[in-house]
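Below you'll find the structure, written out as structure tokens, and then a few comments.
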Amino acid sequence: MRIRDRAHTDRMPQSYYTATMNDPEPFSRLEGHETADVCVVGGGFTGVATALELAKRGISVILLEQNQIGWGASGRNGGQILGGYGPEMSEYNKYIDIFGEAKAQTVWDMGIECVEIIKDTVEEYQIECDLTWGYFDAAMKQSELDALKHAKIMMEARGYEAEQRFVGKDQAKSIVGSDRYIGGLVNMGWGHCNPLNLVRAEARAAENLGVHVCEDARVQSITYNDAGAILDTGHGKVDAKTVVLAGNAYLGHLVPKLAARMLPVGSYIIATEPLDSELADEIMPENYAVCDQRRVLDYFRMSPDKRLLYGGLATYSGVHPYDIKKAIRPNLLKTFPQLEDVKIDYAWGGYIGVGMNRLPQLGMINDKAYFAQAYAGHGVAASHMSARLIAEAIIGDRSRYDIIAGVKHSAFPGGRLFRQPILAAGMAYAHLLDCVKD
């Protein structure tokens, strides 16, 4: 699917991340007819991490990205590295309901492991991506504060060992310099990074291990046969025994079955001009990534050069805002009115993939093709877990993969024409609930 509008072209968006890209050198282009054990479709975190996991296990891989590595959600997101692979980690009863009591802890542990994968990868390949630890769940009302107190207790009871610290109203400003929050929960096991630099460095690491990473390789058709599949990009073909579909919100309608179960939802970010040190320290004294607790939430963090990166808008209609700066700036000023005179240097956005139950979707569309998608805005770490599970399954260990693949995911109601408006109406109602006071 070729998307052409203000937020999407075939080139990288004009974001803060592209302006600070460490490795802008292009990857190769697919020409002719090649073969591999595995062909991965999609050059975001899921696809790149899958290729890297497989290459470390000695599997030959070709990766096909329709634009550039990191072009999609993996290179546009808020850069928050949050644990969890499924329901909120504090809601263990939901793990039991979904996966059964015998398997719930295994899946819960994946929520810790997915963050460790990033930490280990950055260390192993010496990746420069501004990796910083520290995250703050910010509460606006008492019910949210109570829920965060419970979350801390529950996570520690399940075996979460990273430092967590509950913060009351008297200490809230020591974390975020805003009158908007009455407290929250600090988690030093989660953090933030420059996601575009991370995904491109991971792709380069995979390339150095023998993966043929191809950009400008838009898959036009996939033909399955007894030996595997043939993927055709128009200017090249790949014969592979196994396919991994990792296009997420940008897979388009290449695989209708997957498109029906995942909705592309718009998500947008602005970045201020560099702030003077005094102002930066006033609004973000601890340099944590921050997220509030609403259904339609705001999230933000500070860049190394003292820019505030602020996301506070999600569109479920499929229509991008005409002016991203004007759409998000009011949200920014509700949190930080002291930034009234600060210039916005960058504004960008893109699609994330959301499923009906907001759980990661993992499985096979046939005996030759795996897929992973629908991280609902929490994909930086979770996508790395999907990659590891698919790699394990491909080499013959399906023990953990089968737990996740066994979850049923419903298609959105309304078909291609009406599912987007139906969800947009539902989220408008959710926004009203966010405005209700305790």
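Going through the structure tokens in order, the chains are called A, B, and so on, while each chain numbers its residues from 1 and the ligands are numbered from 1 in the order shown.
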
Next on the checklist: If you run DSSP on the backbone here, which positions in region 17-234 of chain A get strand (DSSP E)? Please write them as a ChimeraX atom specification.
Outcome noted: /A:28-29,32-41,61-64,80-81,132-139,164-167,183-192,212-215,221-225,228-232

Item to check | Contacts of Gly355 (chain A) at 9 Å (only C-alpha atoms; same-chain gap of 3+ positions) as a list in words | outcome: Arg261, Met262, Leu263, Arg358, Leu359, Pro360, Gln361, Gln373, Ala374, Tyr375, Ala376, His409, Ser410, Ala411 and Phe412 of chain A

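Here CA of Asp345 (chain A) and CA of Ile270 (chain A) stand 7.7 Å from one another.
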
Item to check | Those in region 187-418 of chain A with alpha helix (DSSP H) from DSSP, as a ChimeraX atom specification | outcome: /A:195-208,256-259,277-283,324-335,379-394,401-405,415-418

Would you write out, as JSON lines, a table of all residues in region 1-115 of chain A that have an atom no more than 12 Å from an atom of region 159-175 of chain A, listing for each the closest atom pair and the distance in Å to one decimal, considering only C-alpha atoms and ordering rows by chain and rising residue number?
{"residue": "A:Gly83", "atom": "CA", "partner": "A:Tyr160", "partner_atom": "CA", "distance": 10.6}
{"residue": "A:Gly84", "atom": "CA", "partner": "A:Tyr160", "partner_atom": "CA", "distance": 11.3}
{"residue": "A:Met89", "atom": "CA", "partner": "A:Tyr160", "partner_atom": "CA", "distance": 9.5}
{"residue": "A:Ser90", "atom": "CA", "partner": "A:Tyr160", "partner_atom": "CA", "distance": 10.2}
{"residue": "A:Tyr92", "atom": "CA", "partner": "A:Gly159", "partner_atom": "CA", "distance": 11.7}
{"residue": "A:Gln105", "atom": "CA", "partner": "A:Gly159", "partner_atom": "CA", "distance": 9.8}
{"residue": "A:Thr106", "atom": "CA", "partner": "A:Gly159", "partner_atom": "CA", "distance": 11.8}
{"residue": "A:Trp108", "atom": "CA", "partner": "A:Gly159", "partner_atom": "CA", "distance": 9.8}
{"residue": "A:Asp109", "atom": "CA", "partner": "A:Gly159", "partner_atom": "CA", "distance": 8.7}
{"residue": "A:Met110", "atom": "CA", "partner": "A:Tyr160", "partner_atom": "CA", "distance": 11.6}
{"residue": "A:Gly111", "atom": "CA", "partner": "A:Tyr160", "partner_atom": "CA", "distance": 9.9}
{"residue": "A:Ile112", "atom": "CA", "partner": "A:Tyr160", "partner_atom": "CA", "distance": 7.8}
{"residue": "A:Glu113", "atom": "CA", "partner": "A:Tyr160", "partner_atom": "CA", "distance": 11.0}
{"residue": "A:Val115", "atom": "CA", "partner": "A:Ala162", "partner_atom": "CA", "distance": 11.5}

Output for the residues just chosen: C-alpha atoms as a PDB file, in the first residue's frame:
ATOM      1  CA  GLY A  83       8.210  -3.495  29.716  1.00  0.00           C
ATOM      2  CA  GLY A  84       5.239  -5.775  29.248  1.00  0.00           C
ATOM      3  CA  MET A  89       2.247  -6.116  34.065  1.00  0.00           C
ATOM      4  CA  SER A  90       0.427  -5.021  37.215  1.00  0.00           C
ATOM      5  CA  TYR A  92      -1.586 -10.473  36.612  1.00  0.00           C
ATOM      6  CA  GLN A 105       4.127 -16.346  34.653  1.00  0.00           C
ATOM      7  CA  THR A 106       6.030 -17.342  31.504  1.00  0.00           C
ATOM      8  CA  TRP A 108       4.677 -12.090  32.369  1.00  0.00           C
ATOM      9  CA  ASP A 109       8.426 -12.779  32.446  1.00  0.00           C
ATOM     10  CA  MET A 110       8.577 -11.924  28.726  1.00  0.00           C
ATOM     11  CA  GLY A 111       7.612  -8.393  29.747  1.00  0.00           C
ATOM     12  CA  ILE A 112      10.914  -8.138  31.601  1.00  0.00           C
ATOM     13  CA  GLU A 113      12.918  -9.985  28.968  1.00  0.00           C
ATOM     14  CA  VAL A 115      13.594  -4.748  27.782  1.00  0.00           C
TER      15      VAL A 115
END

Near region 287-304 of chain A, counting only C-alpha atoms, which residues have an atom at most 8 Å away, once you skip same-chain residues fewer than 4 positions from it, shown as a short mmCIF file (atom, residue, chain, number, x, y, z; two decimals) with C-alpha atoms, in the first residue's frame?
data_model
loop_
_atom_site.label_atom_id
_atom_site.label_comp_id
_atom_site.auth_asym_id
_atom_site.auth_seq_id
_atom_site.Cartn_x
_atom_site.Cartn_y
_atom_site.Cartn_z
CA GLY A 78 8.25 8.43 21.28
CA GLN A 80 9.92 5.01 25.32
CA ASP A 130 20.98 7.84 23.69
CA THR A 132 18.69 6.35 29.21
CA TRP A 133 17.04 4.55 32.11
CA GLY A 134 14.19 5.98 34.16
CA TYR A 135 10.44 6.15 33.51
CA PHE A 136 7.60 7.91 35.32
CA ASP A 137 3.92 6.94 35.24
CA ALA A 138 2.27 10.26 36.06
CA ALA A 139 -1.12 10.47 37.79
CA MET A 140 -3.63 13.29 37.40
CA GLU A 144 -4.83 6.80 39.04
CA ILE A 175 10.16 14.46 38.59
CA GLY A 191 13.60 4.19 29.92
CA HIS A 192 14.00 5.89 26.55
CA LEU A 308 11.32 18.40 24.81
CA LEU A 309 9.80 15.66 22.65
CA TYR A 310 6.06 15.65 23.28
CA GLY A 311 3.42 13.30 21.91
CA GLY A 312 -0.17 13.96 22.79
CA LEU A 313 -2.45 13.04 19.94
CA ALA A 314 -3.85 9.85 18.44
CA ASN A 331 -1.53 19.72 24.96
CA MET A 427 -12.20 6.52 21.22
CA ALA A 430 -12.97 7.09 25.85
CA HIS A 431 -11.70 10.68 25.72
CA ASP A 434 -10.71 10.64 30.68
#

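If only C-alpha atoms are the atoms counted, then among A:Pro264, A:Gly210, A:Pro26, A:Pro256 the closest residue to Arg11 (chain A) is A:Pro26.
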
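When CA of Asp23 (chain A) is paired with CA of Val380 (chain A), their separation reads 19.2 Å.
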